[in-house]
>>> print(open('final.txt').read())   # compact mmCIF, C-alpha atoms
# COMPACT_ATOMS: atom_id res chain seq x y z
CA MET I 9 92.71 -110.98 63.70
CA GLU I 10 90.98 -113.08 61.02
CA GLY I 11 94.47 -113.68 59.61
CA PHE I 12 95.02 -116.28 62.33
CA ARG I 13 92.35 -118.49 60.73
CA ASP I 14 93.20 -117.72 57.10
CA LYS I 15 92.86 -120.96 55.13
CA ARG I 16 95.54 -119.95 52.61
CA ILE I 17 98.02 -119.29 55.42
CA ILE I 18 97.06 -122.62 57.01
CA ALA I 19 97.71 -124.40 53.69
CA GLU I 20 101.06 -122.61 53.23
CA LEU I 21 102.16 -123.44 56.77
CA LYS I 22 101.25 -127.11 56.25
CA LYS I 23 103.32 -127.21 53.07
CA GLU I 24 106.26 -125.50 54.77
CA ILE I 25 106.13 -127.90 57.75
CA GLU I 26 106.09 -130.91 55.39
CA ALA I 27 109.10 -129.56 53.47
CA GLU I 28 111.09 -128.82 56.66
CA LEU I 29 110.22 -132.15 58.27
CA GLY I 30 111.40 -134.33 55.41
CA HIS I 31 111.51 -137.93 56.61
CA ARG I 32 112.22 -137.12 60.23
CA ARG I 33 109.97 -138.17 63.10
CA LEU I 34 109.18 -135.37 65.55
CA ARG I 35 107.35 -135.51 68.87
CA ILE I 36 105.81 -132.26 70.04
CA MET I 37 103.84 -131.92 73.27
CA HIS I 38 101.48 -129.18 74.39
CA VAL I 39 100.16 -128.74 77.91
CA CYS I 40 96.85 -127.00 77.48
CA GLY I 41 93.29 -128.18 76.91
CA SER I 42 92.70 -125.18 74.66
CA HIS I 43 95.61 -126.21 72.42
CA GLU I 44 94.17 -129.71 72.20
CA HIS I 45 90.86 -128.11 71.26
CA THR I 46 92.51 -126.13 68.44
CA ILE I 47 94.45 -129.16 67.19
CA THR I 48 91.44 -131.49 67.21
CA TYR I 49 88.76 -129.02 66.13
CA TRP I 50 90.84 -127.89 63.14
CA ALA I 51 91.94 -131.49 62.48
CA LEU I 52 95.60 -130.46 62.45
CA ARG I 53 96.74 -134.05 63.11
CA GLY I 54 94.81 -135.02 60.02
CA ILE I 55 96.46 -132.48 57.71
CA LEU I 56 100.02 -132.91 59.01
CA PRO I 57 102.35 -135.84 58.19
CA GLU I 58 102.01 -138.88 60.42
CA GLU I 59 105.70 -138.62 61.34
CA LEU I 60 104.85 -135.47 63.24
CA GLU I 61 103.34 -136.56 66.51
CA LEU I 62 101.27 -134.02 68.46
CA ILE I 63 100.93 -135.13 72.05
CA ALA I 64 98.52 -133.75 74.65
CA GLY I 65 100.29 -133.41 77.99
CA PRO I 66 98.86 -132.62 81.45
CA GLY I 67 97.00 -129.47 80.41
CA CYS I 68 93.55 -129.96 81.85
CA PRO I 69 93.17 -128.85 85.48
CA VAL I 70 90.05 -130.93 86.12
CA CYS I 71 91.77 -134.09 84.80
CA VAL I 72 94.74 -133.75 87.15
CA SER I 73 92.80 -132.58 90.22
CA ALA I 74 93.70 -134.87 93.08
CA SER I 75 91.00 -137.34 94.12
CA HIS I 76 91.64 -136.68 97.79
CA GLU I 77 91.07 -132.95 97.28
CA VAL I 78 87.74 -133.69 95.59
CA GLY I 79 87.16 -135.95 98.62
CA GLU I 80 87.80 -133.02 100.95
CA ALA I 81 85.24 -130.92 99.05
CA ILE I 82 82.69 -133.76 99.23
CA GLU I 83 83.30 -134.19 102.98
CA LEU I 84 82.74 -130.47 103.61
CA ALA I 85 79.58 -130.53 101.47
CA ARG I 86 78.23 -133.50 103.43
CA GLU I 87 78.97 -131.64 106.69
CA GLY I 88 76.50 -128.95 105.61
CA LEU I 89 78.75 -126.26 104.15
CA THR I 90 77.98 -124.80 100.74
CA ILE I 91 80.56 -125.75 98.12
CA LEU I 92 81.01 -123.39 95.19
CA THR I 93 82.88 -124.76 92.19
CA PHE I 94 83.36 -124.58 88.45
CA GLY I 95 80.82 -126.69 86.55
CA ASP I 96 83.44 -129.05 85.17
CA MET I 97 84.20 -130.41 88.64
CA MET I 98 80.69 -131.69 89.38
CA MET I 99 80.97 -134.97 87.47
CA ASN I 100 84.59 -135.70 88.38
CA ARG I 101 84.37 -139.17 89.94
CA THR I 102 86.74 -140.30 92.65
CA ARG I 103 86.82 -143.10 95.19
CA PHE I 104 84.72 -140.74 97.37
CA GLY I 105 82.11 -140.31 94.63
CA SER I 106 81.55 -136.96 92.92
CA LEU I 107 80.26 -133.56 93.98
CA MET I 108 77.21 -134.37 91.87
CA ASP I 109 76.58 -137.43 94.08
CA ALA I 110 76.79 -135.21 97.17
CA LYS I 111 74.34 -132.76 95.60
CA SER I 112 71.95 -135.59 94.68
CA ASP I 113 72.05 -136.63 98.34
CA GLY I 114 70.94 -133.14 99.37
CA ALA I 115 74.24 -131.33 99.94
CA ASP I 116 74.44 -127.70 98.84
CA VAL I 117 76.88 -127.68 95.91
CA ARG I 118 76.61 -124.79 93.48
CA ILE I 119 78.22 -124.04 90.15
CA ILE I 120 79.79 -120.64 89.54
CA TYR I 121 81.49 -119.17 86.49
CA SER I 122 83.70 -116.64 88.23
CA PRO I 123 85.31 -116.36 91.67
CA ARG I 124 83.65 -112.94 91.66
CA ASP I 125 80.27 -114.68 91.81
CA ALA I 126 81.49 -116.75 94.77
CA ILE I 127 82.17 -113.58 96.79
CA LYS I 128 78.86 -112.05 95.74
CA ILE I 129 76.90 -115.11 96.86
CA ALA I 130 78.73 -115.26 100.21
CA LYS I 131 77.96 -111.59 100.84
CA GLU I 132 74.27 -112.09 100.02
CA GLU I 133 73.77 -115.15 102.23
CA LYS I 134 75.53 -114.13 105.42
CA LYS I 135 74.14 -117.00 107.52
CA ARG I 136 75.64 -119.76 105.42
CA GLU I 137 79.28 -120.85 105.33
CA PHE I 138 80.77 -121.01 101.82
CA VAL I 139 83.80 -122.91 100.60
CA PHE I 140 85.10 -122.19 97.12
CA PHE I 141 86.77 -125.31 95.67
CA SER I 142 89.56 -123.52 93.86
CA ILE I 143 91.07 -125.60 91.09
CA GLY I 144 93.10 -124.43 88.14
CA PHE I 145 96.47 -123.44 86.79
CA GLU I 146 98.07 -119.99 86.95
CA THR I 147 95.29 -118.40 84.85
CA THR I 148 92.84 -119.19 87.64
CA THR I 149 95.28 -118.83 90.52
CA ALA I 150 95.98 -115.16 89.72
CA PRO I 151 92.27 -114.23 90.00
CA ILE I 152 92.12 -116.15 93.31
CA ALA I 153 95.06 -114.12 94.66
CA SER I 154 93.28 -110.93 93.72
CA MET I 155 90.08 -112.22 95.33
CA ILE I 156 91.85 -112.96 98.64
CA LEU I 157 93.53 -109.53 98.67
CA GLU I 158 90.15 -107.85 98.19
CA GLU I 159 89.14 -109.27 101.61
CA PRO I 160 86.31 -111.78 101.22
CA PRO I 161 83.59 -111.92 103.93
CA ALA I 162 84.11 -114.00 107.12
CA ASN I 163 81.68 -116.74 105.98
CA PHE I 164 83.91 -117.49 102.98
CA SER I 165 86.99 -119.67 102.61
CA ILE I 166 88.76 -121.57 99.86
CA LEU I 167 89.87 -125.17 99.38
CA THR I 168 92.94 -124.78 97.20
CA SER I 169 93.87 -127.17 94.42
CA ASN I 170 95.83 -124.68 92.34
CA LYS I 171 98.78 -125.73 90.27
CA ARG I 172 101.83 -124.48 88.39
CA THR I 173 101.98 -125.87 84.87
CA SER I 174 105.65 -125.99 83.92
CA PRO I 175 106.86 -128.26 86.81
CA ALA I 176 104.60 -130.99 85.39
CA VAL I 177 106.68 -130.93 82.21
CA ASP I 178 109.92 -131.19 84.25
CA HIS I 179 108.33 -134.15 85.99
CA LEU I 180 107.59 -135.95 82.69
CA LEU I 181 111.11 -135.29 81.47
CA GLN I 182 112.64 -137.02 84.49
CA ASP I 183 111.71 -140.27 82.75
CA GLU I 184 114.58 -141.00 80.36
CA ASP I 185 112.30 -142.87 77.97
CA PHE I 186 110.16 -139.79 77.52
CA ASP I 187 111.66 -138.12 74.48
CA LEU I 188 110.39 -134.84 73.12
CA ASP I 189 111.56 -132.66 70.24
CA GLY I 190 109.42 -129.67 71.02
CA ILE I 191 107.05 -128.12 73.53
CA ILE I 192 104.13 -125.84 72.72
CA ALA I 193 103.77 -123.76 75.88
CA PRO I 194 100.31 -122.59 76.95
CA GLY I 195 99.54 -119.02 75.88
CA HIS I 196 97.24 -118.00 78.68
CA VAL I 197 99.22 -119.58 81.51
CA SER I 198 102.23 -117.78 80.01
CA THR I 199 100.34 -114.47 80.05
CA ILE I 200 100.69 -114.77 83.83
CA VAL I 201 104.05 -116.55 84.25
CA GLY I 202 105.80 -115.08 81.19
CA ALA I 203 107.76 -116.76 78.43
CA LYS I 204 110.64 -116.79 80.94
CA ASP I 205 109.00 -119.64 82.88
CA TRP I 206 109.75 -121.91 79.88
CA GLU I 207 113.35 -120.82 79.36
CA ARG I 208 114.81 -123.84 81.14
CA PHE I 209 113.32 -126.28 78.63
CA PRO I 210 115.64 -125.32 75.75
CA LYS I 211 118.49 -124.50 78.16
CA LYS I 212 118.39 -127.48 80.54
CA TYR I 213 116.72 -130.17 78.41
CA GLY I 214 117.63 -128.99 74.91
CA ILE I 215 113.99 -128.86 73.77
CA THR I 216 112.76 -126.03 71.59
CA THR I 217 109.78 -124.41 73.25
CA VAL I 218 107.28 -122.05 71.64
CA VAL I 219 104.73 -120.05 73.63
CA ALA I 220 101.70 -120.10 71.35
CA GLY I 221 98.23 -118.66 70.98
CA PHE I 222 95.09 -120.66 70.24
CA GLU I 223 94.20 -120.05 66.63
CA PRO I 224 95.16 -122.74 64.10
CA VAL I 225 97.78 -120.44 62.56
CA ASP I 226 99.35 -119.89 66.02
CA VAL I 227 99.70 -123.64 66.58
CA LEU I 228 100.97 -124.35 63.05
CA LEU I 229 103.51 -121.55 63.34
CA ALA I 230 104.70 -123.04 66.65
CA ILE I 231 105.09 -126.42 64.93
CA LEU I 232 106.96 -124.84 62.03
CA ILE I 233 109.36 -123.01 64.38
CA ILE I 234 110.08 -126.30 66.21
CA THR I 235 110.52 -128.15 62.92
CA LYS I 236 112.89 -125.49 61.58
CA ALA I 237 114.96 -124.98 64.77
CA LYS I 238 118.65 -125.70 64.19
CA LYS I 239 119.41 -125.52 67.91
CA PRO I 240 117.16 -125.50 70.97
CA CYS I 241 115.52 -122.10 71.52
CA LEU I 242 112.66 -120.36 73.26
CA TYR I 243 110.25 -118.46 71.03
CA ASN I 244 107.25 -116.34 71.95
CA GLU I 245 104.75 -116.63 69.11
CA TYR I 246 101.94 -115.11 71.22
CA ARG I 247 103.49 -111.69 71.62
CA ARG I 248 100.12 -110.01 71.22
CA LEU I 249 99.38 -111.12 74.78
CA VAL I 250 102.43 -112.74 76.41
CA LYS I 251 105.39 -110.75 77.69
CA TYR I 252 108.76 -112.27 78.46
CA GLU I 253 108.41 -111.34 82.14
CA GLY I 254 104.68 -112.21 82.28
CA ASN I 255 102.07 -110.22 84.18
CA THR I 256 104.39 -108.89 86.88
CA ARG I 257 101.56 -107.36 88.88
CA ALA I 258 99.69 -110.69 88.97
CA LEU I 259 102.88 -112.57 89.87
CA ALA I 260 103.56 -110.18 92.78
CA LEU I 261 100.00 -110.61 94.07
CA MET I 262 100.25 -114.42 93.80
CA ASP I 263 103.55 -114.31 95.67
CA GLU I 264 101.91 -112.31 98.43
CA VAL I 265 99.03 -114.77 98.86
CA PHE I 266 100.49 -118.20 98.06
CA GLU I 267 103.48 -120.32 98.86
CA VAL I 268 104.63 -123.04 96.51
CA ASP I 269 105.07 -126.67 97.54
CA THR I 270 104.70 -130.17 96.17
CA ALA I 271 101.26 -131.16 94.83
CA TRP I 272 99.57 -134.39 93.80
CA TRP I 273 98.58 -134.60 90.12
CA ARG I 274 96.01 -137.26 89.41
CA GLY I 275 97.58 -139.87 87.16
CA MET I 276 101.07 -138.51 87.80
CA GLY I 277 101.68 -138.45 91.56
CA TRP I 278 103.66 -135.87 93.51
CA VAL I 279 105.13 -133.09 91.39
CA PRO I 280 107.67 -130.93 93.25
CA GLU I 281 106.99 -127.19 93.51
CA SER I 282 103.79 -127.43 91.54
CA GLY I 283 101.14 -126.50 94.11
CA TYR I 284 99.92 -123.14 95.39
CA TYR I 285 98.95 -123.04 99.07
CA LEU I 286 97.60 -120.09 101.08
CA LYS I 287 100.23 -118.41 103.23
CA GLU I 288 99.88 -118.48 107.03
CA LYS I 289 98.67 -114.86 107.19
CA PHE I 290 95.60 -115.77 105.12
CA LYS I 291 94.72 -118.87 107.15
CA LYS I 292 91.28 -117.51 108.05
CA TYR I 293 90.41 -118.10 104.38
CA ASN I 294 91.94 -121.58 104.33
CA ALA I 295 89.09 -124.13 104.46
CA ARG I 296 91.50 -126.91 105.50
CA GLU I 297 92.48 -124.96 108.64
CA LYS I 298 89.04 -123.54 109.31
CA TYR I 299 87.20 -126.87 109.20
CA GLY I 300 90.05 -129.27 109.98
CA VAL I 301 89.77 -131.30 106.80
CA SER I 302 92.88 -133.10 105.57
CA MET I 303 93.00 -136.13 103.29
CA LYS I 304 95.92 -137.95 101.75
CA PRO I 305 96.32 -139.38 98.25
CA ASP I 306 95.94 -143.11 97.75
CA PRO I 307 98.08 -144.13 94.74
CA GLU I 308 96.20 -147.46 94.41
CA GLU I 309 92.83 -145.75 94.01
CA ASP I 310 93.97 -142.70 92.06
CA ILE I 311 92.34 -143.57 88.73
CA PRO I 312 89.12 -145.60 88.31
CA LYS I 313 89.74 -149.27 87.40
CA GLY I 314 90.28 -149.76 83.67
CA CYS I 315 90.59 -146.01 82.94
CA SER I 316 93.63 -144.89 80.90
CA CYS I 317 93.66 -141.27 82.07
CA HIS I 318 97.04 -141.64 83.79
CA LEU I 319 98.48 -142.57 80.36
CA ILE I 320 96.53 -139.90 78.50
CA VAL I 321 97.53 -136.94 80.72
CA THR I 322 101.17 -137.97 80.46
CA GLY I 323 101.09 -138.27 76.66
CA ARG I 324 101.63 -142.05 76.67
CA ALA I 325 98.32 -142.97 75.05
CA TYR I 326 95.63 -141.46 72.86
CA PRO I 327 91.98 -141.55 73.96
CA THR I 328 91.19 -144.05 71.20
CA ASP I 329 93.71 -146.47 72.78
CA CYS I 330 91.43 -146.75 75.83
CA PRO I 331 88.86 -149.59 75.63
CA LEU I 332 86.34 -147.51 77.59
CA PHE I 333 86.50 -144.47 75.27
CA GLY I 334 83.17 -143.67 73.68
CA ASN I 335 81.31 -146.64 75.05
CA ARG I 336 81.48 -146.92 78.82
CA CYS I 337 82.99 -143.45 79.05
CA THR I 338 81.24 -140.51 77.34
CA PRO I 339 80.76 -136.80 78.20
CA GLU I 340 77.18 -137.57 79.32
CA ASN I 341 78.45 -140.25 81.67
CA PRO I 342 82.18 -139.74 82.17
CA TYR I 343 83.94 -142.69 83.78
CA GLY I 344 87.41 -141.18 83.94
CA PRO I 345 88.61 -137.62 84.65
CA CYS I 346 89.80 -136.91 81.06
CA MET I 347 86.21 -137.21 79.79
CA VAL I 348 84.75 -134.85 82.42
CA SER I 349 85.92 -131.42 81.34
CA VAL I 350 85.64 -129.50 78.07
CA GLU I 351 89.42 -129.24 78.36
CA GLY I 352 89.93 -132.99 78.83
CA THR I 353 91.62 -134.76 75.92
CA CYS I 354 89.04 -137.56 75.88
CA GLN I 355 86.08 -135.21 75.83
CA ILE I 356 87.64 -133.11 73.05
CA TRP I 357 88.31 -136.22 70.95
CA TYR I 358 84.80 -137.52 71.59
CA ARG I 359 83.19 -134.21 70.57
CA PHE I 360 85.28 -133.41 67.51
CA GLY I 361 86.03 -136.75 66.01
CA ASN I 362 88.30 -139.73 65.92
CA ILE I 363 91.57 -138.26 64.79
CA LYS I 364 92.91 -141.47 63.27
CA LYS I 365 90.10 -141.44 60.74
CA LEU I 366 91.08 -137.93 59.77
CA ARG I 367 94.60 -138.98 58.84
CA ARG I 368 95.28 -139.22 55.13
CA MET Q 17 89.49 -123.00 83.05
CA CYS Q 18 92.03 -121.58 80.67
CA LEU Q 19 89.41 -120.67 78.10
CA GLY Q 20 89.91 -116.97 77.48
CA VAL Q 21 87.55 -114.40 76.01
CA PRO Q 22 88.95 -111.25 74.42
CA MET Q 23 86.89 -108.21 75.47
CA LYS Q 24 87.03 -104.47 74.81
CA VAL Q 25 87.15 -102.14 77.82
CA ILE Q 26 84.23 -99.68 77.72
CA GLU Q 27 84.39 -98.05 81.13
CA ILE Q 28 86.75 -98.27 84.10
CA ARG Q 29 85.31 -98.22 87.65
CA GLY Q 30 88.10 -98.62 90.19
CA ASN Q 31 89.13 -102.30 90.33
CA ASN Q 32 86.39 -103.23 87.86
CA ALA Q 33 85.48 -102.39 84.30
CA ILE Q 34 82.58 -102.76 81.91
CA ALA Q 35 83.80 -104.76 78.94
CA GLU Q 36 82.18 -105.91 75.72
CA SER Q 37 82.49 -108.95 73.51
CA PHE Q 38 80.20 -109.84 70.59
CA GLY Q 39 77.81 -107.10 71.69
CA VAL Q 40 77.50 -108.45 75.24
CA ARG Q 41 78.53 -106.13 78.06
CA THR Q 42 79.58 -107.43 81.43
CA GLU Q 43 81.49 -106.33 84.50
CA ILE Q 44 84.98 -107.75 84.85
CA SER Q 45 87.76 -107.33 87.40
CA ILE Q 46 90.80 -105.42 86.21
CA TYR Q 47 92.67 -105.85 89.50
CA LEU Q 48 95.37 -107.98 87.83
CA VAL Q 49 96.13 -105.48 85.03
CA LYS Q 50 94.94 -102.11 86.28
CA ASP Q 51 98.30 -100.31 86.15
CA GLU Q 52 98.42 -100.45 82.39
CA LEU Q 53 94.78 -100.28 81.34
CA LYS Q 54 92.80 -97.62 79.48
CA VAL Q 55 89.36 -97.40 77.87
CA GLY Q 56 89.36 -98.92 74.36
CA ASP Q 57 92.01 -101.54 75.22
CA TRP Q 58 91.35 -105.19 74.48
CA VAL Q 59 91.90 -107.59 77.37
CA MET Q 60 91.94 -111.38 77.67
CA VAL Q 61 89.35 -112.36 80.28
CA HIS Q 62 89.42 -115.56 82.32
CA THR Q 63 86.71 -116.43 84.85
CA GLY Q 64 85.68 -112.77 85.01
CA TYR Q 65 89.20 -111.38 85.45
CA ALA Q 66 91.32 -109.59 82.85
CA ILE Q 67 94.68 -111.40 82.89
CA GLY Q 68 96.50 -109.48 80.13
CA VAL Q 69 96.21 -106.67 77.61
CA LEU Q 70 96.17 -107.55 73.90
CA GLU Q 71 98.59 -105.62 71.68
CA LYS Q 72 97.29 -105.09 68.17
CA GLU Q 73 100.70 -104.08 66.84
CA ASP Q 74 102.24 -107.35 68.05
CA ALA Q 75 99.42 -109.33 66.44
CA LEU Q 76 100.04 -107.66 63.10
CA GLU Q 77 103.75 -108.29 63.46
CA THR Q 78 103.16 -112.01 64.07
CA LEU Q 79 101.02 -112.21 60.94
CA LYS Q 80 103.72 -110.40 58.99
CA LEU Q 81 106.29 -112.88 60.27
CA ILE Q 82 104.11 -115.80 59.20
CA ARG Q 83 103.73 -114.36 55.71
CA GLU Q 84 107.49 -113.98 55.49
CA MET Q 85 108.10 -117.54 56.68
CA VAL Q 86 105.70 -119.08 54.20
CA GLY Q 87 106.52 -116.65 51.40
CA HIS Q 88 102.90 -115.50 51.32
CA GLY Q 89 101.97 -112.19 49.66
CA GLY Q 90 101.14 -109.09 51.68
CA GLU Q 91 97.38 -109.04 50.98
CA ASN Q 92 94.65 -109.58 53.59
>>> encode(input="final.txt", output="structure tokens")
Amino acid sequence: MEGFRDKRIIAELKKEIEAELGHRRLRIMHVCGSHEHTITYWALRGILPEELELIAGPGCPVCVSASHEVGEAIELAREGLTILTFGDMMMNRTRFGSLMDAKSDGADVRIIYSPRDAIKIAKEEKKREFVFFSIGFETTTAPIASMILEEPPANFSILTSNKRTSPAVDHLLQDEDFDLDGIIAPGHVSTIVGAKDWERFPKKYGITTVVAGFEPVDVLLAILIITKAKKPCLYNEYRRLVKYEGNTRALALMDEVFEVDTAWWRGMGWVPESGYYLKEKFKKYNAREKYGVSMKPDPEEDIPKGCSCHLIVTGRAYPTDCPLFGNRCTPENPYGPCMVSVEGTCQIWYRFGNIKKLRR
Amino acid sequence: MCLGVPMKVIEIRGNNAIAESFGVRTEISIYLVKDELKVGDWVMVHTGYAIGVLEKEDALETLKLIREMVGHGGEN
């Protein structure tokens, strides 16, 4: 697999993209923190022509997690329940504070790597009540479906904040001013949902879409395919993992456990058919039903004052456009949600360099 | 959350498997892929769950395609 990082192939792809591009301007958006990582870490914006704009879309689950859902988790923690969550969520600040604040005040908030650990902990400590704060896109939602079907213990429930990725792109495209020439679709989300979930983007919107892997050669090949495309098409560059129909077993399990409805994306608002919610028959595992917690979004207080995250997750600004970036807002002390997670565009730019300086 | 780790399946135990990556062995869930899995396969693992099986042939084919597109020789 070393071929996917081969410097000669990278150089050839760069040359080919430059030749195909000519003097055109192209705007290409991806929707995955891991793609942003590849692009920034390998300085792809620096080696490619400035006319080719690579935009980071809403591809970081922590960044778009709704404040009011974090608020629900904090409320449950302060009521004495044990909250289990991925580490990235701890420092995510909202108008209710953060889970880290709740922990500092004595609440029991624990970091886990895998939902499997959540079940294990709940089985070991039978006298405590555990709530798993379940955030993530389809890659995380599929494991949660499998977890629910494997019958967790009675002292365990989940607070869902799980999302479908592709409806967020539909949402952005509703804005007529938002023009795109290509979409790089997320490889691991597509492992679950299949390349087919992206078919409507060339068909309905006329935008060439390439499902891509996460090595620099994968991303450059996706860019080349978009640059070369004579008419809008769907292309699966990540065939070593992604099937057209996706992981059909995982999709069937998710369908059994979840229903799909509108969800609030931080910085974006309501996105139709983008949220996964536990079906009625699994309500004993639904923390909102079990503990009667239910908060609503507050559009006025969605993003901290002065933070540009709503512009960054929607591809309307780069991190370096934000006056707080790198001074008031750093990974050690993240002010806005895009600086919190390793998948957040701001954190990736902070860790791997100011891209504008890397331009020729 | 979408950070994936490719791992090789060493042993299958019902819904779980022992898998290895960079010399580290760990237990993973294969519940999401178990219909198609056998020992020696490579899987992409997210948060302790295998979400898909990696196909070596398809990887080689993609590299071949790239070489064709950029007119690169067949070496490496």
>>> residues_around(input="final.txt", residues="range 64-80 of chain Q", least_positions_apart="2", cutoff="6 Å", atoms="all atoms listed in the file", output="PyMOL selection string")
(chain I and resi 122+247-249) or (chain Q and resi 44-46+58-62+82-83)
>>> residues_around(input="final.txt", residues="Gly56 in chain Q", least_positions_apart="4", cutoff="10 Å", atoms="only C-alpha atoms", output="ChimeraX atom specification")
/Q:23-27,35
>>> interface_residues(input="final.txt", of="chain I", to="chain Q", cutoff="8 Å", atoms="only C-alpha atoms", output="JSON, numbers by chain")
{"I": [9, 11, 12, 17, 20, 21, 24, 40, 41, 42, 69, 121, 122, 123, 124, 144, 145, 147, 148, 150, 151, 154, 196, 197, 199, 200, 229, 245, 246, 247, 248, 249, 250, 255, 257, 258, 351]}
>>> write_last_selection(input="final.txt", atoms="C-alpha atoms", output="CSV table (one decimal), in the frame of the given file")
chain,number,residue,atom,x,y,z
I,9,MET,CA,92.7,-111.0,63.7
I,11,GLY,CA,94.5,-113.7,59.6
I,12,PHE,CA,95.0,-116.3,62.3
I,17,ILE,CA,98.0,-119.3,55.4
I,20,GLU,CA,101.1,-122.6,53.2
I,21,LEU,CA,102.2,-123.4,56.8
I,24,GLU,CA,106.3,-125.5,54.8
I,40,CYS,CA,96.8,-127.0,77.5
I,41,GLY,CA,93.3,-128.2,76.9
I,42,SER,CA,92.7,-125.2,74.7
I,69,PRO,CA,93.2,-128.8,85.5
I,121,TYR,CA,81.5,-119.2,86.5
I,122,SER,CA,83.7,-116.6,88.2
I,123,PRO,CA,85.3,-116.4,91.7
I,124,ARG,CA,83.6,-112.9,91.7
I,144,GLY,CA,93.1,-124.4,88.1
I,145,PHE,CA,96.5,-123.4,86.8
I,147,THR,CA,95.3,-118.4,84.8
I,148,THR,CA,92.8,-119.2,87.6
I,150,ALA,CA,96.0,-115.2,89.7
I,151,PRO,CA,92.3,-114.2,90.0
I,154,SER,CA,93.3,-110.9,93.7
I,196,HIS,CA,97.2,-118.0,78.7
I,197,VAL,CA,99.2,-119.6,81.5
I,199,THR,CA,100.3,-114.5,80.0
I,200,ILE,CA,100.7,-114.8,83.8
I,229,LEU,CA,103.5,-121.6,63.3
I,245,GLU,CA,104.8,-116.6,69.1
I,246,TYR,CA,101.9,-115.1,71.2
I,247,ARG,CA,103.5,-111.7,71.6
I,248,ARG,CA,100.1,-110.0,71.2
I,249,LEU,CA,99.4,-111.1,74.8
I,250,VAL,CA,102.4,-112.7,76.4
I,255,ASN,CA,102.1,-110.2,84.2
I,257,ARG,CA,101.6,-107.4,88.9
I,258,ALA,CA,99.7,-110.7,89.0
I,351,GLU,CA,89.4,-129.2,78.4
>>> atom_distance(input="final.txt", atom1="CA of Phe266 in chain I", atom2="CA of Glu159 in chain I")
14.9 Å
>>> atom_distance(input="final.txt", atom1="CA of Gly202 in chain I", atom2="CA of Glu146 in chain I")
10.8 Å
>>> build_atoms(input="final.txt", residues="range 254-267 of chain I", atoms="N, CA and C atoms", output="compact mmCIF listing (two decimals), in the coordinates of the input")
# COMPACT_ATOMS: atom_id res chain seq x y z
N GLY I 254 106.03 -111.86 81.83
CA GLY I 254 104.68 -112.21 82.28
C GLY I 254 103.92 -111.01 82.81
N ASN I 255 102.85 -111.28 83.54
CA ASN I 255 102.07 -110.22 84.18
C ASN I 255 102.69 -110.02 85.56
N THR I 256 103.60 -109.04 85.65
CA THR I 256 104.39 -108.89 86.88
C THR I 256 103.51 -108.49 88.07
N ARG I 257 102.47 -107.74 87.79
CA ARG I 257 101.56 -107.36 88.88
C ARG I 257 100.88 -108.61 89.44
N ALA I 258 100.36 -109.46 88.53
CA ALA I 258 99.69 -110.69 88.97
C ALA I 258 100.66 -111.59 89.72
N LEU I 259 101.89 -111.70 89.22
CA LEU I 259 102.88 -112.57 89.87
C LEU I 259 103.20 -112.08 91.28
N ALA I 260 103.28 -110.74 91.45
CA ALA I 260 103.56 -110.18 92.78
C ALA I 260 102.40 -110.47 93.73
N LEU I 261 101.17 -110.35 93.24
CA LEU I 261 100.00 -110.61 94.07
C LEU I 261 99.94 -112.09 94.47
N MET I 262 100.27 -112.97 93.51
CA MET I 262 100.25 -114.42 93.80
C MET I 262 101.31 -114.76 94.84
N ASP I 263 102.45 -114.09 94.74
CA ASP I 263 103.55 -114.31 95.67
C ASP I 263 103.17 -113.86 97.08
N GLU I 264 102.34 -112.81 97.13
CA GLU I 264 101.91 -112.31 98.43
C GLU I 264 100.94 -113.28 99.11
N VAL I 265 100.12 -113.94 98.31
CA VAL I 265 99.03 -114.77 98.86
C VAL I 265 99.43 -116.24 99.03
N PHE I 266 100.22 -116.75 98.09
CA PHE I 266 100.49 -118.20 98.06
C PHE I 266 101.94 -118.54 98.32
N GLU I 267 102.14 -119.73 98.87
CA GLU I 267 103.48 -120.32 98.86
C GLU I 267 103.42 -121.56 97.98
